[in-house]
Amino acid sequence: MKNKYIIYIACAAMTIVASCKKESFLNRTPLSSIVPENFFKNETDLQLYCNQYYSSLTIQNFLRLDDNSDDKANATINPMLAGTYTVPSQATHNYSGGTTLDFSPINVNQSGTDWDFSLIRACNFFLINYQKAAIPDATKNIYVGETLFFRANDFWKKVKAFGDVPYVNHYIVDSSKSVLYGPRMPHKQVMDSVLKDINFAVANLPVTPVDGRLGKYAALALKARICLWEGTYRKYAGVGDETIYLQAASDAAEQIMSSGQFKIYNTGNPQSDYYNLFIQDELKGNSEAILPARYLSSILMNGIDRSLGEAADGYTKDFANSILCSDGLPVSLSPLYKGDDTPDDEATNRDPRYKQQIATRGFDFLDGDLISLPRIATTVTSTGYQPIKGRSSSLAAWNANASTYDFFIFRYAEVLLIEAEAKAELGQATQTIIDNTINPLRDRVGMPHMIITTLVKDPKSNFPSLPVLIDEIRRERRVELGSEGFRFDDIKRWRAGTLINNPNTILGMKLTPALRAQYAAAKIDVSSVVVDANNYIRQYPSITTRTWNDKMYLLPIPTQELSLNPNLKQNPGW
Amino acid sequence: MSGGEGKTTFLTSLGYYRQDGLEKSANQVYQRYTPTLKVNSNVAKWLTVGLNMSMTHTDNNQPAATRINQGGAWLYSNIPPVMPVYNPDGNFAGQGNYTNPLAVNALSGRDIDSQNDFWTTGRVIIKPVDHLSINVDYTWNALNDNRKASLIPFNEYGVNGTFLDIYPWTNPSQVIENKTNNNYNALNAFATYENKFGKHYLKALVGYNQEYQHYILGSTLVKNLIDPTLPASGVNNDSKPQVGSVETEYALVGSFSRLNYIYDNKYLVEINARYDGTSRFQPNSRYSFSPSASVGWNVSEEKFMEGLKGTLSQLKLRASYGQLPNQLVPGVGSTNQMLNMLAPSIASSGNQYPYIAVQQTGLVNYLMNGQQGIMVAAPALISSSFTWEKVQTKNFGLDYSLFNDKLNGSFDYFITNIKDILVPGQQLPSTLGAPVPPSNAANVRSQGWEFSLNWRDKMFDDQLNYSVTLGLSNTSNTRVTKYNGNPTNNINDFIQGQDLGNIYGYVNEGFYKTDAEAAAVDNSALAGYKWLAGDIKYKDLNGDGKINYGDNTLSNMGDKKLIGNTTPHYKFGFNLNLSYKNFDFATFIQGVLKQDFYPNEYVFYAFRDDEYSIPSQMTTNYWTPTNTNAYYPRIRFAGGGNEQSQDKYILNAAYARVKQLTLGYTLPSALTKNIKLQKIRVYVTGANLFTITSLNKSYDLETAANFGTYPLNKSLSFGLQATF
């Protein structure tokens, strides 16, 4: 009997000892997650990986876009232009390890202006892995093209924001000290690499891509945009080598134009086509859409239409003044200009794009709620020049997050403006060029053509020393692309920061005592609205002008990044 | 019910509990059923087998509103007092974005959760020879949870019942179903040898345990129900229903041994050793060896103490040193709540493989082929090696017993070092493009003492029995002794050499008396608006003429300074039990005597974020030109400048609460015997009846001071206990 127990004990003891190290019991690997070792096998894998980049595309959704420029004066002053912007202590990050990426309007334009390299890392991780896929090189190169498109776009945004930037073009880990603690690469050198990346994308992306994905023409549109920016920047900052970029911008634009695939949206209604273009439920198939951001009912919707109505935004007096009269002459020269004593006068005899992007009498704010007097002193508008691009009267679109209006990512009109400006900067702008670029935009809204030989220099021009042609092309760009988020980038590349010193860039509409009486008669309290000696609304009563400081051309680098990497030097003036 | 015959005994019970929710419109019902069965049999002199089985079944039926963040916690801040609940025609009031939360509660569908928690433990105890006992037990746990939530569209009506629109946040109709299956099993085996050789007592234990858990979550989301009143996921008109799943497992093994030696009941020694392995770390760092030892001296057993035996019946001195491993680092198992908040556990049911880089999947808010793009992201960075967190404790203590054991208690002093805490390691430049991966990069230290005292006696001819227990303890702030992830000493992160829970803020010097006085000070770093009379005047600590926070670092925090710490101090508990004849009485009081609390949210500050929030009643004592002695500054919408952390609004969160109070009466046995019962007792119990605190009633420190959690109930219950 006792022997039996001893055997039991021995067995138990052996089990205990034998199981002290049980590797097979402890080796557990993910049962429901993807690991890189088993990924990047085929085209679908490459495609699924590249999908994450798409949320970094800049969408022209109008919401408070251009608040950071001379075009608009929001109720909330832009801290950079007000001179109150301070150096951030820490970089903010948008690490994409999570699930749904943030595509909200607040984040648009930010991934490159924050000192954040997560998208760059995602691109570089692709580049060390995609070769594992057992598919033809041409197919692989489509996704390499997408990757390089996004890497180029992100580095360009960083260059615009910071000037010189650390150029990380391969995958790094926490032990990659020489890169992590390396210096910044000079602006021009980074942009030369950006151009190489975008050229690869142009050469390898398909002419007819899968719906929603990047194709050759989207890549060309980005190339045109980047090259015009860099070319004019080099010219006006005086750093040299601009011709190659201006030429590349023009070449890219011309490739898009000569493809015959795109046309300015024009249904023959000059008083409404321009306005209607921005409240389209479907931009897929629209002749002006090179790449749209689409929204579909109950699949993906947005709340922009309503947000635009509550953004307390407004164009500036300077922007309103820049819109031509219907005879093609500026307000300073045109006999048709009726002055600005009333909002109705000011809108009379103007380029139809005036009434199609600024709310005037009779604009339907929402479901029959017609605007009579500009809704100043409310969240509808700050300055009285209420932006209405992308705003409709539809109750359905106003409903919380239920709008399906599409937005542009690349719009053909911008390409035409790039071509006109690049050619003008190169000294090659002929009347034919203008007829193929500026004049189709004028035709849509029924404006007289721009004729080079009859152009008269605007005595009130923002750019008195600029040749009249370039000056007028810049005006056309400003008006056509109003609220689309290009203006501050334009100011940077033209080295035109001092534009914001103009008091008109913080003034709103004229609010005469007579007009005040009309508000009073309608029982609307506008007593809090402050005006200057000429009765123009002072949007920021605490200041009379803003003062440009050249340091504002570049953003400061967060202080913590400087202390972490002694090889980083702060941008001048910060 | 319990019983038994001969060698076998059994115990069985059934419990039922039901509670309704606090909001009438929510119609919330929580029910719990708890059947148990325990069987034990002494099969032979040397063999005992046992089986415990228990199940907890819970049903919770509540409005689905919580799924769209509009449940109970949402109510207090979103019912404007000027908005009626109902229109005169009986429809719910409210429309558009600002719908009546009561309507959402009542009309938008249900969230039904049903759970079965099965536990079974089988046990075999073998005593093959004298002094030796072998215990083997095996535990199974199956936790199954079914959760079904539906969102149902409802109409909103305006004046005179005109249809306005469909409430957008619950449209289209949808059903979400989550089913989880959590299977856990554990094996424990240990052998104990215990013997006495004269004055030498020896006990040795050697054992092994292993645990394994397998977790499966399956979820479906379908939209466009065919019949919204029938929220079943199979009855839908959804062209693209969403399906998700998570499956994970983890395994743990450990072997342990313990040796106890006592000489003459005077000198005590205990030595422990553990060797643990986990599947959560990589093979070369998954094992951890943890020793511990303690010594004790029963002073009262010494000859020289014999004279005191009558008064001092026991006095024992103790000292110990030990280390315990923690692999959940520092989540469950780590006792330091603050640490958990700062560095949450890296392991969860959804991520059991912290050392393996995985690529997350998700949806992109961008349409491709008419559908949202699905993405596979880049993997996170993983540190090349990390291992167990170690909790090291040093303890010195004594146990005492006096006056024929009427008075007894203990005192302990302890020092706790938590080492190798898994936190993001040394900070790296942003060019890395990924969060710095966690590594064993931080240590913290705290110390404290604990004291307990119990007095038990009888009075009035032994008719009155009573006992009083008081426990008091204090733990120091937790000091960060090692951390290099914050080289700039940013005050919003761990700082080496500083305490966790520190509150940095400004010194409040009252309100600005005039607009001119306010305009003269540069407060632009705190808020860009124009500062006016009635705004808070902060003290310019660094004398630079401006009020600001510098760069928020320890060496340059502008005009901020250390103004408090959120660590609770001097926790106490008090028990009183009385019985007199057939009556019995018991109460339990607990509290914290010292704690700072900084309420930085929109219950404390009116209109903190915007003009839409509903101010709470306590915010009405605000500054006006005629009420310059107010508690709060002038009212502003999003008046961030006045809402900086500051000494005036560090609240005293000390409290004492009567957690429980019970009065019972047992019926005389002469009466109960007539109806063939052994005992009948009726009682009334109150929970959380009284609280003493200076804190506003919007806050409750027991629920982590969080106004957004379900409030603690004050309850009164009546009961009847019968023994057959």
# chains A, B, ... in the order shown; residues from 1 in each chain; ligands from 1

call {"tool": "closest_atom_pairs", "arguments": {"of": "chain B", "to": "chain A", "cutoff": "7 Å", "atoms": "only C-alpha atoms", "output": "CSV"}}
result
residue,atom,partner,partner_atom,distance
B:Asn97,CA,A:Ala400,CA,6.4
B:Pro128,CA,A:Tyr5,CA,5.7
B:Pro168,CA,A:Ala400,CA,6.5
B:Gly207,CA,A:Ile16,CA,6.8
B:Tyr208,CA,A:Ile16,CA,5.7
B:Val246,CA,A:Ser32,CA,5.6
B:Glu247,CA,A:Ser32,CA,5.3
B:Thr248,CA,A:Leu31,CA,5.8
B:Tyr250,CA,A:Arg28,CA,6.8
B:Ala251,CA,A:Leu26,CA,5.6
B:Leu252,CA,A:Leu26,CA,6.8
B:Gly254,CA,A:Cys20,CA,6.9
B:Ser255,CA,A:Cys20,CA,6.3
B:Thr278,CA,A:Leu26,CA,6.2
B:Ser279,CA,A:Leu26,CA,4.5
B:Tyr353,CA,A:Pro30,CA,6.7
B:Ala357,CA,A:Val35,CA,6.4
B:Val358,CA,A:Val35,CA,4.6
B:Gln359,CA,A:Ile34,CA,5.3
B:Gln360,CA,A:Gly97,CA,6.2
B:Thr361,CA,A:Thr99,CA,6.0
B:Gly362,CA,A:Thr99,CA,4.2
B:Leu363,CA,A:Thr100,CA,5.1
B:Val364,CA,A:Thr100,CA,5.7
B:Asn365,CA,A:Phe103,CA,6.2
B:Tyr366,CA,A:Ser55,CA,6.7
B:Leu367,CA,A:Arg294,CA,6.1
B:Met368,CA,A:Gly212,CA,4.5
B:Asn369,CA,A:Asp211,CA,5.0
B:Gln371,CA,A:Ile299,CA,6.8
B:Gly373,CA,A:Asn51,CA,6.2
B:Ile374,CA,A:Leu48,CA,6.2
B:Met375,CA,A:Leu48,CA,4.8
B:Val376,CA,A:Tyr49,CA,4.8
B:Ala377,CA,A:Gly97,CA,6.1
B:Ala378,CA,A:Ala122,CA,5.6
B:Pro379,CA,A:Gly97,CA,6.8
B:Ala380,CA,A:Gly97,CA,6.6
B:Leu428,CA,A:Leu564,CA,6.7
B:Pro429,CA,A:Glu561,CA,5.9
B:Ser430,CA,A:Asp116,CA,6.1
B:Thr431,CA,A:Phe117,CA,5.4
B:Leu432,CA,A:Leu180,CA,6.5
B:Gly433,CA,A:Ser118,CA,3.9
B:Ala434,CA,A:Ser118,CA,5.9
B:Asp551,CA,A:Ser89,CA,6.4

call {"tool": "write_last_selection", "arguments": {"atoms": "N, CA and C atoms", "output": "short mmCIF file (atom, residue, chain, number, x, y, z; two decimals), in the first residue's frame"}}
result
data_model
loop_
_atom_site.label_atom_id
_atom_site.label_comp_id
_atom_site.auth_asym_id
_atom_site.auth_seq_id
_atom_site.Cartn_x
_atom_site.Cartn_y
_atom_site.Cartn_z
N ASN B 97 -30.28 68.93 -33.30
CA ASN B 97 -29.09 68.55 -32.55
C ASN B 97 -29.35 68.46 -31.06
N PRO B 128 -1.23 10.74 1.88
CA PRO B 128 -0.71 9.39 1.75
C PRO B 128 -0.04 8.90 3.04
N PRO B 168 -31.61 62.70 -36.07
CA PRO B 168 -30.59 62.17 -36.98
C PRO B 168 -29.62 61.16 -36.37
N GLY B 207 4.98 23.71 -5.01
CA GLY B 207 3.78 23.67 -5.84
C GLY B 207 4.00 24.21 -7.23
N TYR B 208 2.95 24.04 -8.00
CA TYR B 208 3.00 24.45 -9.41
C TYR B 208 1.62 24.98 -9.76
N VAL B 246 -12.43 39.38 -32.50
CA VAL B 246 -11.13 39.43 -31.81
C VAL B 246 -10.96 38.08 -31.14
N GLU B 247 -9.82 37.50 -31.29
CA GLU B 247 -9.55 36.25 -30.59
C GLU B 247 -8.14 36.33 -30.02
N THR B 248 -8.03 36.12 -28.72
CA THR B 248 -6.70 36.18 -28.10
C THR B 248 -6.59 35.08 -27.05
N TYR B 250 -3.84 33.88 -23.54
CA TYR B 250 -2.58 34.05 -22.80
C TYR B 250 -2.39 32.85 -21.90
N ALA B 251 -1.16 32.63 -21.50
CA ALA B 251 -0.85 31.51 -20.63
C ALA B 251 0.17 31.95 -19.60
N LEU B 252 0.04 31.38 -18.42
CA LEU B 252 0.98 31.67 -17.33
C LEU B 252 1.37 30.36 -16.69
N GLY B 254 3.78 28.91 -13.23
CA GLY B 254 4.56 29.33 -12.08
C GLY B 254 4.84 28.14 -11.18
N SER B 255 6.02 28.12 -10.59
CA SER B 255 6.26 27.13 -9.55
C SER B 255 6.67 27.89 -8.30
N THR B 278 5.36 33.94 -18.46
CA THR B 278 4.14 34.45 -19.09
C THR B 278 4.26 34.41 -20.61
N SER B 279 3.14 34.26 -21.26
CA SER B 279 3.15 34.28 -22.73
C SER B 279 3.19 35.71 -23.25
N TYR B 353 -0.55 40.35 -26.76
CA TYR B 353 0.76 40.07 -27.34
C TYR B 353 1.57 41.36 -27.43
N ALA B 357 4.52 43.08 -32.89
CA ALA B 357 3.95 44.22 -33.62
C ALA B 357 2.82 43.72 -34.50
N VAL B 358 1.65 44.32 -34.37
CA VAL B 358 0.54 43.95 -35.25
C VAL B 358 0.09 45.16 -36.05
N GLN B 359 -0.53 44.88 -37.16
CA GLN B 359 -1.03 45.95 -38.01
C GLN B 359 -2.53 46.08 -37.81
N GLN B 360 -2.94 47.24 -37.28
CA GLN B 360 -4.36 47.48 -37.01
C GLN B 360 -5.10 47.68 -38.34
N THR B 361 -6.36 47.32 -38.30
CA THR B 361 -7.19 47.59 -39.47
C THR B 361 -8.28 48.57 -39.10
N GLY B 362 -8.85 49.21 -40.10
CA GLY B 362 -9.91 50.16 -39.81
C GLY B 362 -10.46 50.75 -41.08
N LEU B 363 -11.37 51.69 -40.89
CA LEU B 363 -12.00 52.33 -42.03
C LEU B 363 -11.38 53.71 -42.24
N VAL B 364 -11.22 54.08 -43.48
CA VAL B 364 -10.77 55.43 -43.82
C VAL B 364 -12.00 56.24 -44.19
N ASN B 365 -12.06 57.48 -43.75
CA ASN B 365 -13.20 58.33 -44.10
C ASN B 365 -13.04 58.88 -45.50
N TYR B 366 -12.97 58.00 -46.44
CA TYR B 366 -12.76 58.38 -47.83
C TYR B 366 -13.35 57.25 -48.66
N LEU B 367 -14.13 57.64 -49.68
CA LEU B 367 -14.84 56.62 -50.44
C LEU B 367 -14.00 56.09 -51.60
N MET B 368 -13.96 54.79 -51.71
CA MET B 368 -13.34 54.14 -52.85
C MET B 368 -14.36 53.12 -53.37
N ASN B 369 -14.63 53.20 -54.64
CA ASN B 369 -15.68 52.34 -55.21
C ASN B 369 -16.98 52.48 -54.45
N GLN B 371 -17.56 52.93 -51.35
CA GLN B 371 -17.57 52.47 -49.97
C GLN B 371 -16.37 53.06 -49.24
N GLY B 373 -13.00 53.22 -47.60
CA GLY B 373 -11.82 52.39 -47.77
C GLY B 373 -11.48 51.65 -46.49
N ILE B 374 -11.02 50.43 -46.64
CA ILE B 374 -10.56 49.66 -45.49
C ILE B 374 -9.05 49.73 -45.48
N MET B 375 -8.48 49.97 -44.30
CA MET B 375 -7.03 50.14 -44.31
C MET B 375 -6.35 49.17 -43.35
N VAL B 376 -5.12 48.87 -43.66
CA VAL B 376 -4.25 48.12 -42.77
C VAL B 376 -3.08 49.05 -42.47
N ALA B 377 -2.92 49.40 -41.22
CA ALA B 377 -1.96 50.44 -40.86
C ALA B 377 -0.57 49.87 -40.64
N ALA B 378 0.39 50.77 -40.48
CA ALA B 378 1.74 50.36 -40.13
C ALA B 378 1.74 49.87 -38.68
N PRO B 379 2.59 48.91 -38.35
CA PRO B 379 2.61 48.44 -36.96
C PRO B 379 3.26 49.46 -36.05
N ALA B 380 2.90 49.39 -34.78
CA ALA B 380 3.57 50.25 -33.80
C ALA B 380 4.98 49.77 -33.58
N LEU B 428 12.00 60.43 -27.71
CA LEU B 428 12.78 60.53 -28.95
C LEU B 428 12.21 61.63 -29.83
N PRO B 429 13.02 62.18 -30.73
CA PRO B 429 12.51 63.21 -31.63
C PRO B 429 11.31 62.70 -32.43
N SER B 430 10.43 63.62 -32.80
CA SER B 430 9.22 63.26 -33.54
C SER B 430 9.50 62.65 -34.89
N THR B 431 10.70 62.84 -35.41
CA THR B 431 11.02 62.29 -36.72
C THR B 431 10.90 60.77 -36.74
N LEU B 432 10.84 60.16 -35.53
CA LEU B 432 10.63 58.71 -35.46
C LEU B 432 9.30 58.34 -36.12
N GLY B 433 8.29 59.19 -35.94
CA GLY B 433 7.00 58.94 -36.60
C GLY B 433 6.12 57.95 -35.88
N ALA B 434 6.47 57.56 -34.68
CA ALA B 434 5.68 56.60 -33.94
C ALA B 434 5.87 56.88 -32.46
N ASP B 551 7.22 77.44 -19.93
CA ASP B 551 7.09 76.33 -20.87
C ASP B 551 6.58 75.08 -20.17
#

call {"tool": "residues_around", "arguments": {"residues": "stretch 441-458 of chain A", "least_positions_apart": "4", "cutoff": "6 Å", "atoms": "only C-alpha atoms", "output": "list in words"}}
result
Asn266, Pro270, Gly328, Pro352 and Val468 of chain A

call {"tool": "closest_residue", "arguments": {"among": "A:Tyr233, A:Phe40, A:Phe162, A:Phe278", "to": "A:Pro558", "atoms": "only C-alpha atoms"}}
result
A:Phe162

call {"tool": "closest_residue", "arguments": {"among": "A:Asn68, A:Ser392, A:Thr512, A:Gln271", "to": "A:Gly83", "atoms": "only C-alpha atoms"}}
result
A:Asn68

call {"tool": "closest_residue", "arguments": {"among": "A:Asn276, A:Asn269, A:Thr379, A:Asn535", "to": "A:Arg516", "atoms": "only C-alpha atoms"}}
result
A:Asn535

call {"tool": "residues_around", "arguments": {"residues": "stretch 459-467 of chain A", "least_positions_apart": "3", "cutoff": "10 Å", "atoms": "only C-alpha atoms", "output": "JSON, numbers by chain"}}
result
{"A": [318, 321, 322, 330, 331, 332, 333, 424, 425, 456, 470, 471, 472, 474, 475, 496, 498, 499, 502]}

call {"tool": "atom_distance", "arguments": {"atom1": "atom CA of B:Val299", "atom2": "atom CA of B:Gly322"}}
result
23.3 Å

call {"tool": "residues_around", "arguments": {"residues": "A:Thr378", "least_positions_apart": "4", "cutoff": "10 Å", "atoms": "only C-alpha atoms", "output": "number ranges by chain"}}
result
A: 75, 310-313, 374, 382, 384, 526

call {"tool": "select_by_dssp", "arguments": {"residues": "stretch 240-391 of chain A", "states": "strand (DSSP E or B)", "output": "PDB file with N, CA and C atoms, in the first residue's frame"}}
result
ATOM      1  N   ALA A 289     -13.880  67.849 -62.086  1.00  0.00           N
ATOM      2  CA  ALA A 289     -13.296  67.133 -60.946  1.00  0.00           C
ATOM      3  C   ALA A 289     -12.167  66.226 -61.412  1.00  0.00           C
ATOM      4  N   ILE A 290     -10.932  66.593 -61.083  1.00  0.00           N
ATOM      5  CA  ILE A 290      -9.813  65.684 -61.346  1.00  0.00           C
ATOM      6  C   ILE A 290      -9.785  64.620 -60.258  1.00  0.00           C
ATOM      7  N   LEU A 291     -10.029  65.049 -59.011  1.00  0.00           N
ATOM      8  CA  LEU A 291     -10.214  64.089 -57.911  1.00  0.00           C
ATOM      9  C   LEU A 291     -11.168  64.723 -56.901  1.00  0.00           C
ATOM     10  N   PRO A 292     -12.360  64.139 -56.706  1.00  0.00           N
ATOM     11  CA  PRO A 292     -13.272  64.655 -55.692  1.00  0.00           C
ATOM     12  C   PRO A 292     -13.205  63.825 -54.405  1.00  0.00           C
ATOM     13  N   ALA A 293     -13.600  64.460 -53.295  1.00  0.00           N
ATOM     14  CA  ALA A 293     -13.848  63.712 -52.050  1.00  0.00           C
ATOM     15  C   ALA A 293     -15.342  63.494 -52.011  1.00  0.00           C
ATOM     16  N   LEU A 296     -21.709  59.832 -49.616  1.00  0.00           N
ATOM     17  CA  LEU A 296     -22.932  59.167 -50.059  1.00  0.00           C
ATOM     18  C   LEU A 296     -23.838  58.940 -48.863  1.00  0.00           C
ATOM     19  N   LEU A 300     -21.162  57.567 -46.055  1.00  0.00           N
ATOM     20  CA  LEU A 300     -20.244  58.536 -45.453  1.00  0.00           C
ATOM     21  C   LEU A 300     -20.823  59.913 -45.713  1.00  0.00           C
ATOM     22  N   ASN A 302     -21.149  64.265 -44.236  1.00  0.00           N
ATOM     23  CA  ASN A 302     -20.404  65.289 -43.513  1.00  0.00           C
ATOM     24  C   ASN A 302     -21.357  66.343 -42.976  1.00  0.00           C
ATOM     25  N   TYR A 315     -15.641  87.321 -45.509  1.00  0.00           N
ATOM     26  CA  TYR A 315     -14.588  87.883 -46.347  1.00  0.00           C
ATOM     27  C   TYR A 315     -14.267  89.282 -45.849  1.00  0.00           C
ATOM     28  N   CYS A 325     -15.596  94.576 -61.590  1.00  0.00           N
ATOM     29  CA  CYS A 325     -16.948  94.930 -62.010  1.00  0.00           C
ATOM     30  C   CYS A 325     -17.280  94.141 -63.274  1.00  0.00           C
ATOM     31  N   ARG A 350     -21.234  93.630 -60.568  1.00  0.00           N
ATOM     32  CA  ARG A 350     -19.939  93.018 -60.254  1.00  0.00           C
ATOM     33  C   ARG A 350     -19.791  91.699 -60.998  1.00  0.00           C
ATOM     34  N   ILE A 358     -20.640  85.445 -51.986  1.00  0.00           N
ATOM     35  CA  ILE A 358     -20.960  86.288 -50.835  1.00  0.00           C
ATOM     36  C   ILE A 358     -22.482  86.383 -50.773  1.00  0.00           C
ATOM     37  N   ASP A 364     -31.013  82.422 -49.962  1.00  0.00           N
ATOM     38  CA  ASP A 364     -31.816  81.558 -49.098  1.00  0.00           C
ATOM     39  C   ASP A 364     -30.891  80.882 -48.090  1.00  0.00           C
ATOM     40  N   PHE A 365     -30.942  81.347 -46.843  1.00  0.00           N
ATOM     41  CA  PHE A 365     -30.022  80.805 -45.831  1.00  0.00           C
ATOM     42  C   PHE A 365     -30.387  79.375 -45.476  1.00  0.00           C
ATOM     43  N   LEU A 366     -31.695  79.141 -45.318  1.00  0.00           N
ATOM     44  CA  LEU A 366     -32.111  77.781 -44.975  1.00  0.00           C
ATOM     45  C   LEU A 366     -33.603  77.644 -45.222  1.00  0.00           C
ATOM     46  N   ASP A 369     -35.582  80.831 -45.599  1.00  0.00           N
ATOM     47  CA  ASP A 369     -35.185  81.924 -44.710  1.00  0.00           C
ATOM     48  C   ASP A 369     -34.259  82.859 -45.499  1.00  0.00           C
ATOM     49  N   LEU A 370     -34.852  83.878 -46.142  1.00  0.00           N
ATOM     50  CA  LEU A 370     -34.083  84.714 -47.065  1.00  0.00           C
ATOM     51  C   LEU A 370     -33.311  85.797 -46.323  1.00  0.00           C
ATOM     52  N   PRO A 387     -19.534  84.169 -46.457  1.00  0.00           N
ATOM     53  CA  PRO A 387     -19.121  83.213 -47.506  1.00  0.00           C
ATOM     54  C   PRO A 387     -20.202  82.159 -47.718  1.00  0.00           C
TER      55      PRO A 387
END

call {"tool": "closest_residue", "arguments": {"among": "B:Ser401, B:Ser54, B:Asn484, B:Thr9", "to": "B:Val39", "atoms": "only C-alpha atoms"}}
result
B:Thr9

call {"tool": "closest_residue", "arguments": {"among": "B:Gly640, B:Asn60, B:Ser439, B:Gly545", "to": "B:Gly528", "atoms": "only C-alpha atoms"}}
result
B:Gly640

call {"tool": "residues_around", "arguments": {"residues": "B:Asn417", "least_positions_apart": "3", "cutoff": "12 Å", "atoms": "only C-alpha atoms", "output": "JSON, numbers by chain"}}
result
{"B": [321, 322, 323, 324, 325, 334, 335, 336, 389, 390, 391, 392, 393, 394, 395, 414, 420, 421, 442, 443, 444, 445, 446, 447, 448, 478, 479, 480, 481, 482]}

call {"tool": "closest_residue", "arguments": {"among": "B:Ser383, B:Thr553, B:Gln644, B:Thr624", "to": "B:Asn490", "atoms": "only C-alpha atoms"}}
result
B:Thr553

call {"tool": "decode", "arguments": {"residues": "stretch 98-129 of chain B", "atoms": "C-alpha atoms", "output": "mmCIF file, in the first residue's frame"}}
result
data_model
loop_
_atom_site.group_PDB
_atom_site.id
_atom_site.type_symbol
_atom_site.label_atom_id
_atom_site.label_comp_id
_atom_site.auth_asym_id
_atom_site.auth_seq_id
_atom_site.Cartn_x
_atom_site.Cartn_y
_atom_site.Cartn_z
ATOM 1 C CA TYR B 98 -30.444 69.421 -29.145
ATOM 2 C CA THR B 99 -32.972 66.746 -28.692
ATOM 3 C CA ASN B 100 -34.497 66.094 -25.383
ATOM 4 C CA PRO B 101 -32.384 63.333 -23.761
ATOM 5 C CA LEU B 102 -35.494 61.919 -22.127
ATOM 6 C CA ALA B 103 -36.943 61.353 -25.587
ATOM 7 C CA VAL B 104 -33.744 59.637 -26.676
ATOM 8 C CA ASN B 105 -33.885 57.449 -23.573
ATOM 9 C CA ALA B 106 -37.453 56.476 -24.151
ATOM 10 C CA LEU B 107 -37.611 56.105 -27.918
ATOM 11 C CA SER B 108 -34.256 55.213 -29.418
ATOM 12 C CA GLY B 109 -33.967 51.491 -28.752
ATOM 13 C CA ARG B 110 -32.538 49.241 -26.048
ATOM 14 C CA ASP B 111 -29.179 47.942 -24.973
ATOM 15 C CA ILE B 112 -29.674 44.457 -23.572
ATOM 16 C CA ASP B 113 -26.826 42.652 -21.921
ATOM 17 C CA SER B 114 -27.060 39.079 -20.718
ATOM 18 C CA GLN B 115 -24.184 37.303 -19.043
ATOM 19 C CA ASN B 116 -23.480 33.816 -17.701
ATOM 20 C CA ASP B 117 -20.468 33.411 -15.461
ATOM 21 C CA PHE B 118 -19.823 29.726 -14.677
ATOM 22 C CA TRP B 119 -17.171 28.656 -12.190
ATOM 23 C CA THR B 120 -16.337 25.054 -11.430
ATOM 24 C CA THR B 121 -13.530 23.855 -9.213
ATOM 25 C CA GLY B 122 -12.698 20.213 -8.674
ATOM 26 C CA ARG B 123 -10.374 19.372 -5.803
ATOM 27 C CA VAL B 124 -8.542 16.289 -4.636
ATOM 28 C CA ILE B 125 -6.695 16.184 -1.339
ATOM 29 C CA ILE B 126 -4.495 13.169 -0.703
ATOM 30 C CA LYS B 127 -2.860 12.420 2.616
ATOM 31 C CA PRO B 128 -0.706 9.386 1.755
ATOM 32 C CA VAL B 129 1.334 9.391 4.948
#
